[in-house]
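Raw contents of run_28.pdb, PDB, C-alpha atoms:
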ATOM      1  CA  MET J   7       0.000   0.000   0.000
ATOM      2  CA  MET J   8       1.547   3.292  -1.094
ATOM      3  CA  GLU J   9       1.627   6.048   1.510
ATOM      4  CA  LEU J  10       0.481   9.497   0.406
ATOM      5  CA  LEU J  11       1.166  11.272   3.701
ATOM      6  CA  GLU J  12       3.898  10.310   6.178
ATOM      7  CA  VAL J  13       4.226  12.147   9.484
ATOM      8  CA  LYS J  14       7.125  11.121  11.732
ATOM      9  CA  ASN J  15       7.725  12.351  15.305
ATOM     10  CA  LEU J  16       6.154  15.714  14.621
ATOM     11  CA  SER J  17       6.629  18.119  17.541
ATOM     12  CA  LYS J  18       6.018  21.816  18.086
ATOM     13  CA  HIS J  19       6.989  23.588  21.281
ATOM     14  CA  TYR J  20       5.145  26.690  22.494
ATOM     15  CA  LYS J  21       5.391  28.475  25.806
ATOM     16  CA  ASN J  22       2.102  27.051  27.081
ATOM     17  CA  PHE J  23       1.558  24.025  24.827
ATOM     18  CA  ASP J  24       3.554  21.127  23.401
ATOM     19  CA  LEU J  25       2.605  18.998  20.439
ATOM     20  CA  LYS J  26       4.693  15.857  20.948
ATOM     21  CA  ASP J  27       5.718  12.940  18.733
ATOM     22  CA  ILE J  28       2.780  12.806  16.352
ATOM     23  CA  SER J  29       3.367   9.941  13.902
ATOM     24  CA  PHE J  30       1.061   8.352  11.341
ATOM     25  CA  THR J  31       0.806   7.340   7.707
ATOM     26  CA  LEU J  32      -2.136   7.849   5.364
ATOM     27  CA  PRO J  33      -2.223   5.597   2.291
ATOM     28  CA  LYS J  34      -3.254   6.799  -1.159
ATOM     29  CA  GLY J  35      -6.994   6.696  -1.738
ATOM     30  CA  TYR J  36      -8.044   7.012   1.919
ATOM     31  CA  ILE J  37      -9.644   9.538   4.291
ATOM     32  CA  MET J  38      -8.384  10.158   7.829
ATOM     33  CA  GLY J  39     -10.462  11.814  10.532
ATOM     34  CA  TYR J  40      -8.253  13.874  12.861
ATOM     35  CA  VAL J  41     -10.181  14.371  16.100
ATOM     36  CA  GLY J  42      -9.827  15.819  19.583
ATOM     37  CA  ALA J  43     -11.196  18.494  21.915
ATOM     38  CA  ASN J  44     -10.551  22.209  21.328
ATOM     39  CA  GLY J  45      -6.938  23.041  22.132
ATOM     40  CA  SER J  46      -5.732  19.444  21.691
ATOM     41  CA  GLY J  47      -3.335  20.299  18.839
ATOM     42  CA  LYS J  48      -5.402  19.460  15.744
ATOM     43  CA  THR J  49      -4.966  22.803  13.972
ATOM     44  CA  THR J  50      -1.273  22.949  14.953
ATOM     45  CA  THR J  51      -0.730  19.542  13.323
ATOM     46  CA  LEU J  52      -2.571  20.534  10.145
ATOM     47  CA  ASN J  53      -0.636  23.818   9.966
ATOM     48  CA  LEU J  54       2.624  21.865  10.221
ATOM     49  CA  ILE J  55       1.505  19.547   7.397
ATOM     50  CA  THR J  56       0.510  22.458   5.132
ATOM     51  CA  GLY J  57       3.714  24.360   5.922
ATOM     52  CA  ILE J  58       1.970  27.337   7.556
ATOM     53  CA  LEU J  59       4.073  26.514  10.649
ATOM     54  CA  LYS J  60       7.573  25.064  10.936
ATOM     55  CA  CYS J  61       8.015  22.098  13.227
ATOM     56  CA  THR J  62      10.421  21.994  16.168
ATOM     57  CA  GLU J  63      11.177  18.359  15.340
ATOM     58  CA  GLY J  64       9.954  15.713  12.910
ATOM     59  CA  VAL J  65       9.365  15.152   9.221
ATOM     60  CA  VAL J  66       6.335  15.409   6.934
ATOM     61  CA  GLN J  67       6.325  13.951   3.423
ATOM     62  CA  ILE J  68       3.581  14.145   0.825
ATOM     63  CA  ASP J  69       3.922  11.604  -1.953
ATOM     64  CA  GLY J  70       7.570  11.110  -0.937
ATOM     65  CA  LEU J  71       8.447  14.825  -0.972
ATOM     66  CA  SER J  72       9.235  17.002   2.056
ATOM     67  CA  ARG J  73       8.822  20.770   2.215
ATOM     68  CA  GLU J  74      12.558  21.159   2.820
ATOM     69  CA  GLU J  75      13.379  19.437  -0.494
ATOM     70  CA  ASN J  76      11.152  21.657  -2.658
ATOM     71  CA  GLU J  77       8.731  24.020  -0.939
ATOM     72  CA  GLN J  78       6.842  25.089  -4.050
ATOM     73  CA  ALA J  79       6.305  21.547  -5.384
ATOM     74  CA  TYR J  80       5.304  20.405  -1.865
ATOM     75  CA  LYS J  81       2.679  23.155  -1.471
ATOM     76  CA  GLU J  82       1.353  22.497  -4.990
ATOM     77  CA  LYS J  83       0.285  19.056  -3.778
ATOM     78  CA  ILE J  84      -1.944  20.458  -1.010
ATOM     79  CA  GLY J  85      -5.492  21.794  -1.130
ATOM     80  CA  TYR J  86      -6.573  23.475   2.124
ATOM     81  CA  VAL J  87     -10.046  24.429   3.348
ATOM     82  CA  GLY J  88     -10.463  25.875   6.855
ATOM     83  CA  ASP J  89     -13.445  27.218   8.769
ATOM     84  CA  GLU J  90     -12.671  30.837   7.815
ATOM     85  CA  SER J  91     -12.759  32.172   4.255
ATOM     86  CA  TYR J  92      -9.263  33.104   3.086
ATOM     87  CA  PHE J  93     -10.457  35.353   0.257
ATOM     88  CA  PRO J  94     -10.472  39.146   0.721
ATOM     89  CA  ASP J  95     -13.974  40.449   1.505
ATOM     90  CA  HIS J  96     -14.126  42.853  -1.440
ATOM     91  CA  PHE J  97     -13.125  40.205  -4.039
ATOM     92  CA  LYS J  98     -15.652  38.866  -6.505
ATOM     93  CA  ILE J  99     -15.402  35.471  -8.207
ATOM     94  CA  LYS J 100     -13.730  37.002 -11.282
ATOM     95  CA  HIS J 101     -10.860  38.335  -9.124
ATOM     96  CA  ILE J 102     -10.383  34.954  -7.450
ATOM     97  CA  ARG J 103     -10.407  33.171 -10.824
ATOM     98  CA  THR J 104      -7.693  35.493 -12.206
ATOM     99  CA  ILE J 105      -5.414  35.184  -9.184
ATOM    100  CA  LEU J 106      -5.697  31.391  -8.942
ATOM    101  CA  LYS J 107      -5.036  31.027 -12.678
ATOM    102  CA  ASP J 108      -1.857  33.110 -12.381
ATOM    103  CA  PHE J 109      -0.695  31.519  -9.147
ATOM    104  CA  TYR J 110      -1.276  27.767  -9.660
ATOM    105  CA  PRO J 111      -0.032  26.084 -12.857
ATOM    106  CA  THR J 112      -2.589  23.244 -12.529
ATOM    107  CA  PHE J 113      -5.628  25.501 -11.911
ATOM    108  CA  SER J 114      -8.421  24.742 -14.415
ATOM    109  CA  VAL J 115     -10.744  27.657 -15.201
ATOM    110  CA  ASP J 116     -13.274  25.255 -16.758
ATOM    111  CA  LYS J 117     -13.408  23.071 -13.641
ATOM    112  CA  PHE J 118     -13.665  26.112 -11.378
ATOM    113  CA  ASP J 119     -16.482  27.615 -13.469
ATOM    114  CA  SER J 120     -18.421  24.360 -13.500
ATOM    115  CA  PHE J 121     -18.332  24.240  -9.660
ATOM    116  CA  ILE J 122     -19.452  27.891  -9.491
ATOM    117  CA  ARG J 123     -22.412  27.061 -11.767
ATOM    118  CA  ASP J 124     -23.314  23.777 -10.045
ATOM    119  CA  TRP J 125     -23.375  25.422  -6.611
ATOM    120  CA  ASN J 126     -25.113  28.628  -7.772
ATOM    121  CA  LEU J 127     -22.399  30.865  -6.344
ATOM    122  CA  PRO J 128     -23.119  34.534  -7.118
ATOM    123  CA  GLU J 129     -20.676  35.966  -9.688
ATOM    124  CA  LYS J 130     -21.644  39.586  -9.066
ATOM    125  CA  LYS J 131     -21.489  39.754  -5.261
ATOM    126  CA  PRO J 132     -18.360  40.458  -3.197
ATOM    127  CA  VAL J 133     -17.275  37.599  -0.909
ATOM    128  CA  LYS J 134     -18.394  39.537   2.197
ATOM    129  CA  ASP J 135     -22.012  39.165   1.035
ATOM    130  CA  PHE J 136     -21.727  35.370   0.660
ATOM    131  CA  SER J 137     -23.380  33.119   3.243
ATOM    132  CA  ARG J 138     -21.146  30.873   5.381
ATOM    133  CA  GLY J 139     -22.032  27.912   3.136
ATOM    134  CA  MET J 140     -21.242  29.836  -0.053
ATOM    135  CA  LYS J 141     -17.807  30.854   1.286
ATOM    136  CA  VAL J 142     -17.006  27.216   2.091
ATOM    137  CA  MET J 143     -18.127  26.027  -1.342
ATOM    138  CA  LEU J 144     -16.038  28.775  -2.985
ATOM    139  CA  MET J 145     -12.968  27.474  -1.126
ATOM    140  CA  PHE J 146     -13.782  23.945  -2.270
ATOM    141  CA  ALA J 147     -14.200  25.154  -5.865
ATOM    142  CA  SER J 148     -10.784  26.822  -5.688
ATOM    143  CA  VAL J 149      -8.949  23.712  -4.399
ATOM    144  CA  LEU J 150     -10.829  21.097  -6.448
ATOM    145  CA  ALA J 151     -10.094  23.018  -9.665
ATOM    146  CA  ARG J 152      -6.386  22.302  -9.055
ATOM    147  CA  ASP J 153      -4.436  19.083  -9.434
ATOM    148  CA  THR J 154      -3.664  18.338  -5.764
ATOM    149  CA  LYS J 155      -2.702  15.133  -3.945
ATOM    150  CA  LEU J 156      -3.802  15.878  -0.384
ATOM    151  CA  LEU J 157      -6.859  17.751   0.870
ATOM    152  CA  VAL J 158      -6.377  19.197   4.357
ATOM    153  CA  LEU J 159      -9.676  20.219   5.962
ATOM    154  CA  ASP J 160      -9.815  22.048   9.292
ATOM    155  CA  GLU J 161     -13.417  22.239  10.532
ATOM    156  CA  ALA J 162     -14.454  22.939   6.932
ATOM    157  CA  THR J 163     -18.019  21.630   7.381
ATOM    158  CA  ASN J 164     -18.773  23.728  10.510
ATOM    159  CA  GLY J 165     -22.021  25.647  10.174
ATOM    160  CA  LEU J 166     -23.036  24.032   6.869
ATOM    161  CA  ASP J 167     -26.625  22.891   6.538
ATOM    162  CA  PRO J 168     -27.151  19.088   6.247
ATOM    163  CA  VAL J 169     -27.650  19.233   2.452
ATOM    164  CA  MET J 170     -24.355  21.070   1.890
ATOM    165  CA  ARG J 171     -22.528  18.811   4.355
ATOM    166  CA  THR J 172     -23.751  15.775   2.444
ATOM    167  CA  GLU J 173     -22.547  17.396  -0.795
ATOM    168  CA  VAL J 174     -19.089  18.006   0.711
ATOM    169  CA  LEU J 175     -18.783  14.426   2.006
ATOM    170  CA  LYS J 176     -19.674  13.140  -1.456
ATOM    171  CA  LEU J 177     -16.976  15.393  -2.971
ATOM    172  CA  LEU J 178     -14.369  13.998  -0.577
ATOM    173  CA  GLN J 179     -15.238  10.428  -1.509
ATOM    174  CA  GLU J 180     -15.020  11.315  -5.211
ATOM    175  CA  TYR J 181     -11.665  13.041  -4.621
ATOM    176  CA  VAL J 182     -10.020   9.841  -3.306
ATOM    177  CA  MET J 183     -11.772   7.510  -5.746
ATOM    178  CA  ASP J 184      -8.892   7.351  -8.250
ATOM    179  CA  GLY J 185      -6.697   5.780  -5.556
ATOM    180  CA  GLU J 186      -4.001   8.451  -5.967
ATOM    181  CA  ARG J 187      -5.187  11.129  -3.532
ATOM    182  CA  SER J 188      -6.050  11.335   0.154
ATOM    183  CA  VAL J 189      -7.872  13.547   2.672
ATOM    184  CA  ILE J 190      -7.076  14.490   6.281
ATOM    185  CA  PHE J 191     -10.176  15.941   7.884
ATOM    186  CA  SER J 192     -10.409  17.600  11.299
ATOM    187  CA  THR J 193     -14.000  18.078  12.456
ATOM    188  CA  HIS J 194     -16.191  18.234  15.548
ATOM    189  CA  ILE J 195     -19.039  16.619  13.592
ATOM    190  CA  LEU J 196     -17.947  13.065  14.244
ATOM    191  CA  SER J 197     -21.007  11.572  12.553
ATOM    192  CA  ASP J 198     -19.469  12.852   9.279
ATOM    193  CA  LEU J 199     -16.363  10.775   9.964
ATOM    194  CA  GLU J 200     -18.547   7.793  10.827
ATOM    195  CA  GLN J 201     -19.769   7.958   7.224
ATOM    196  CA  ILE J 202     -16.574   8.552   5.263
ATOM    197  CA  ALA J 203     -13.355   8.120   7.303
ATOM    198  CA  ASP J 204     -11.157   5.058   6.795
ATOM    199  CA  TYR J 205      -8.782   5.952   9.645
ATOM    200  CA  ILE J 206      -9.204   7.848  12.911
ATOM    201  CA  TYR J 207      -6.404   9.689  14.703
ATOM    202  CA  PHE J 208      -7.396  10.968  18.137
ATOM    203  CA  ILE J 209      -5.201  13.555  19.840
ATOM    204  CA  HIS J 210      -5.557  15.023  23.346
ATOM    205  CA  GLY J 211      -3.307  17.580  25.049
ATOM    206  CA  GLY J 212      -0.854  17.433  22.148
ATOM    207  CA  ARG J 213      -0.375  13.642  22.491
ATOM    208  CA  THR J 214      -1.651  10.643  20.547
ATOM    209  CA  VAL J 215      -4.515   8.795  22.280
ATOM    210  CA  LEU J 216      -5.789   6.413  19.584
ATOM    211  CA  TYR J 217      -4.875   5.744  15.969
ATOM    212  CA  ASP J 218      -6.398   2.935  13.923
ATOM    213  CA  ALA J 219      -8.582   2.014  10.981
ATOM    214  CA  LYS J 220     -12.089   3.265  11.861
ATOM    215  CA  ASP J 221     -13.741  -0.183  11.788
ATOM    216  CA  GLU J 222     -10.964  -1.685  13.942
ATOM    217  CA  LEU J 223     -11.335   1.145  16.429
ATOM    218  CA  ILE J 224     -15.085   0.627  16.775
ATOM    219  CA  GLU J 225     -14.514  -3.136  17.244
ATOM    220  CA  SER J 226     -11.910  -2.422  19.964
ATOM    221  CA  PHE J 227     -14.462  -0.976  22.417
ATOM    222  CA  LEU J 228     -17.867  -1.648  23.953
ATOM    223  CA  LEU J 229     -20.302   0.957  25.226
ATOM    224  CA  VAL J 230     -21.421  -0.318  28.646
ATOM    225  CA  LYS J 231     -24.514   0.756  30.617
ATOM    226  CA  GLY J 232     -25.975  -0.385  33.909
ATOM    227  CA  GLU J 233     -26.406   0.296  37.616
ATOM    228  CA  SER J 234     -23.409   1.970  39.224
ATOM    229  CA  ALA J 235     -23.870   0.042  42.482
ATOM    230  CA  LYS J 236     -23.357  -3.293  40.726
ATOM    231  CA  ILE J 237     -19.929  -2.503  39.216
ATOM    232  CA  PRO J 238     -17.268  -4.839  40.681
ATOM    233  CA  PRO J 239     -13.873  -3.187  41.475
ATOM    234  CA  ALA J 240     -12.045  -5.140  38.716
ATOM    235  CA  LEU J 241     -14.469  -3.774  36.093
ATOM    236  CA  LYS J 242     -14.510  -0.230  37.500
ATOM    237  CA  LYS J 243     -10.720  -0.063  37.030
ATOM    238  CA  GLU J 244     -11.075  -0.784  33.282
ATOM    239  CA  LEU J 245     -14.012   1.503  32.453
ATOM    240  CA  ILE J 246     -13.079   4.636  30.518
ATOM    241  CA  GLY J 247     -14.857   7.975  31.023
ATOM    242  CA  MET J 248     -17.602   6.712  33.323
ATOM    243  CA  GLU J 249     -20.573   9.053  33.383
ATOM    244  CA  GLU J 250     -23.248   8.615  36.017
ATOM    245  CA  ASN J 251     -26.839   9.778  35.631
ATOM    246  CA  ALA J 252     -30.266   9.180  37.191
ATOM    247  CA  TYR J 253     -30.553   5.817  35.404
ATOM    248  CA  GLY J 254     -27.096   4.446  36.214
ATOM    249  CA  PHE J 255     -23.834   4.815  34.322
ATOM    250  CA  GLU J 256     -22.390   4.771  30.812
ATOM    251  CA  ALA J 257     -18.735   4.128  29.934
ATOM    252  CA  ILE J 258     -16.401   2.662  27.324
ATOM    253  CA  LEU J 259     -14.658  -0.665  27.885
ATOM    254  CA  PRO J 260     -11.868  -2.228  25.772
ATOM    255  CA  SER J 261     -13.426  -5.241  23.985
ATOM    256  CA  GLU J 262     -10.803  -7.654  25.312
ATOM    257  CA  LYS J 263     -12.092  -6.935  28.843
ATOM    258  CA  ALA J 264     -15.647  -8.068  27.948
ATOM    259  CA  GLY J 265     -15.244 -11.085  30.266
ATOM    260  CA  LEU J 266     -15.500  -8.727  33.263
ATOM    261  CA  LEU J 267     -19.077  -7.755  32.416
ATOM    262  CA  GLY J 268     -21.098 -10.772  33.545
ATOM    263  CA  ASN J 269     -24.877 -10.516  33.047
ATOM    264  CA  ALA J 270     -25.522  -7.360  35.067
ATOM    265  CA  PHE J 271     -24.758  -4.846  32.301
ATOM    266  CA  LEU J 272     -25.928  -3.908  28.842
ATOM    267  CA  PHE J 273     -23.348  -3.354  26.132
ATOM    268  CA  GLU J 274     -23.361  -2.357  22.467
ATOM    269  CA  LYS J 275     -21.017  -1.236  19.715
ATOM    270  CA  PRO J 276     -20.068   2.442  20.288
ATOM    271  CA  THR J 277     -19.924   5.245  17.729
ATOM    272  CA  ILE J 278     -16.684   7.174  17.133
ATOM    273  CA  ASP J 279     -18.394  10.088  18.904
ATOM    274  CA  GLN J 280     -18.993   8.014  22.042
ATOM    275  CA  ILE J 281     -15.417   6.657  22.126
ATOM    276  CA  VAL J 282     -13.942  10.157  21.805
ATOM    277  CA  ILE J 283     -16.309  11.762  24.340
ATOM    278  CA  HIS J 284     -15.632   9.129  27.011
ATOM    279  CA  TYR J 285     -11.868   9.356  26.481
ATOM    280  CA  ILE J 286     -11.983  13.160  26.789
ATOM    281  CA  MET J 287     -14.088  12.799  29.986
ATOM    282  CA  SER J 288     -11.563  10.348  31.455
ATOM    283  CA  ALA J 289      -8.682  12.731  30.621
ATOM    284  CA  GLY J 290     -10.509  15.544  32.431
ATOM    285  CA  LYS J 291     -10.778  13.610  35.691
TER     286      LYS J 291
END

Mind converting the file's structure to structure tokens?
Amino acid sequence: MMELLEVKNLSKHYKNFDLKDISFTLPKGYIMGYVGANGSGKTTTLNLITGILKCTEGVVQIDGLSREENEQAYKEKIGYVGDESYFPDHFKIKHIRTILKDFYPTFSVDKFDSFIRDWNLPEKKPVKDFSRGMKVMLMFASVLARDTKLLVLDEATNGLDPVMRTEVLKLLQEYVMDGERSVIFSTHILSDLEQIADYIYFIHGGRTVLYDAKDELIESFLLVKGESAKIPPALKKELIGMEENAYGFEAILPSEKAGLLGNAFLFEKPTIDQIVIHYIMSAGK
């Protein structure tokens, strides 16, 4: 399996925060969900991959090329969409088209124009008058009209209505379909990742918590519910992120510890959302 993105021992030191030893690979043709609470280091990692920031330690390669070897060729391979529009407010679509055409050798005016038409983006209005959804779709039009290898998305679907979110998820699946390109996608909407991610990387406090193929990750845990009073000490020690409520408790348990459950508890397959939430709760205790 050919790797599209390789991240080795990536670290970034700040006065009040350390991103430490982030390592993963993302094969060609796959989508990775990059998840964690606010302030966990997701945006820092993505900014190191795109070259917005320089790392303190570590190496990033896209399709075998590092930024240090050839910065321009490296950045050509990346399409980036964040949660804030990066186009000047007073620009209209014609200005954006001209600049992208001059700046990126692989930019296709025809492709760009077909996205603008398909998504009914207003040619005559300045960007400041676009809705949140229109600004996001304009960013997608600008990156998908180029010949890129890696899409880096940082909360790009925030605030989109369900129809537009579905459209974006479909675009991402189409993007990787040729088996040559990949997506790394940071989002708080974990149900989106449930639908389209092949891999999940979970970061907390600048450190790796979990990293696996999505289906393997879901199989690795059980969501357990029951009466708090009935939990034996051996089981209590293994439960992750136990939350108590009026009806009892809910927690995550590694699947290999299922033998500790007995008949007193209900269990089911968790969602990615539930795994992440319970891990974050356990880290906060």

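If you apply the PyMOL selection byres ((chain J and resi 213-215) around 10) to this structure, you end up with Ser17, Asp24, Leu25, Lys26, Asp27, Ile28, Ser29, Phe30, Gly42, Ser46, Gly47, Tyr207, Phe208, Ile209, His210, Gly211, Gly212, Leu216, Tyr217, Val282, Tyr285 and Ile286 of chain J.
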
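Nearest-residue note for Ala79 (chain J): choosing from J:Pro111, J:His101, J:Ala43, J:Gly35, the minimum distance belongs to J:Pro111, counting all atoms listed in the file.
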
*Using only C-alpha atoms, which of the listed residues (J:Ser120, J:Thr163, J:Thr56, J:Thr193) sits closest to Ala147 (chain J)?*
J:Ser120

*Could you tell me which residues the PyMOL selection byres ((chain J and resi 66) around 8) returns for this structure, as a PyMOL selection string?*
chain J and resi 11-14+16+55+64-65+67-68+72-73

*Would you be able to write out as a ChimeraX atom specification which residues have an atom within 12 Å of (-23.1, -10.1, 34.5) in the file's coordinates, counting only C-alpha atoms?*
/J:230-233,236-238,241,264-273

Result set, the PyMOL selection byres ((chain J and resi 153) around 9) on current file, as a short mmCIF file (atom, residue, chain, number, x, y, z; two decimals) with C-alpha atoms, keeping the file's coordinate frame:
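out.cif written:
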data_model
loop_
_atom_site.label_atom_id
_atom_site.label_comp_id
_atom_site.auth_asym_id
_atom_site.auth_seq_id
_atom_site.Cartn_x
_atom_site.Cartn_y
_atom_site.Cartn_z
CA GLU J 82 1.35 22.50 -4.99
CA LYS J 83 0.28 19.06 -3.78
CA ILE J 84 -1.94 20.46 -1.01
CA GLY J 85 -5.49 21.79 -1.13
CA PRO J 111 -0.03 26.08 -12.86
CA THR J 112 -2.59 23.24 -12.53
CA PHE J 113 -5.63 25.50 -11.91
CA SER J 114 -8.42 24.74 -14.42
CA VAL J 149 -8.95 23.71 -4.40
CA LEU J 150 -10.83 21.10 -6.45
CA ALA J 151 -10.09 23.02 -9.66
CA ARG J 152 -6.39 22.30 -9.06
CA THR J 154 -3.66 18.34 -5.76
CA LYS J 155 -2.70 15.13 -3.94
#

*Please indicate the distance in Å from CA of Ile99 (chain J) to CA of Asn126 (chain J), rounded to one decimal place.*
11.9 Å

*Compare J:Phe121, J:Leu196, J:Ile206, J:Ser261 by their minimum atom-to-atom distance to Ile283 (chain J), counting only C-alpha atoms, and give me the closest one.*
J:Leu196

Spatial neighbours of Tyr86 (chain J), 9 Å, only C-alpha atoms, chain gap at least 6 places, as a JSON list (two decimals) with C-alpha atoms, in the frame of the given file:
[["chain", "number", "residue", "atom", "x", "y", "z"],
["J", 56, "THR", "CA", 0.51, 22.46, 5.13],
["J", 145, "MET", "CA", -12.97, 27.47, -1.13],
["J", 146, "PHE", "CA", -13.78, 23.94, -2.27],
["J", 149, "VAL", "CA", -8.95, 23.71, -4.40],
["J", 156, "LEU", "CA", -3.80, 15.88, -0.38],
["J", 157, "LEU", "CA", -6.86, 17.75, 0.87],
["J", 158, "VAL", "CA", -6.38, 19.20, 4.36],
["J", 159, "LEU", "CA", -9.68, 20.22, 5.96],
["J", 160, "ASP", "CA", -9.82, 22.05, 9.29]]

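Nearest to Thr31 (chain J) of all the residues J:Glu222, J:Asp279, J:Asp69, J:Glu63 is J:Asp69, counting only C-alpha atoms.
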
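Note that CA of Arg103 (chain J) and CA of Gln179 (chain J) are 25.0 Å apart.
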
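Neighbours of Pro276 (chain J) closer than or equal to 8 Å, with all atoms listed in the file counted and sequence neighbours fewer than 3 positions away skipped, come out as Ile224, Phe227, Leu228, Leu229, Ile258, Asp279, Gln280 and Ile281 of chain J.
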
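The shortest atom-to-atom distance to Lys130 (chain J), with all atoms listed in the file taken into account, belongs to J:Lys100 out of J:Lys220, J:Val189, J:Leu177, J:Lys100.
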
*Name all residues at most 12 Å from Ile102 (chain J) (count all atoms listed in the file; drop same-chain ones fewer than 5 positions away) and give them as an MDAnalysis selection string.*
chainID J and resid 92:97 107:110 113 115 118:119 122 129 132:133 144:145 147:149

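The residue that comes closest to Lys141 (chain J), out of J:His284, J:Lys81, J:Lys48, J:Lys98 and on the basis of all atoms listed in the file, is J:Lys98.
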
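Note that CA of Met248 (chain J) and CA of Lys263 (chain J) are 15.4 Å apart.
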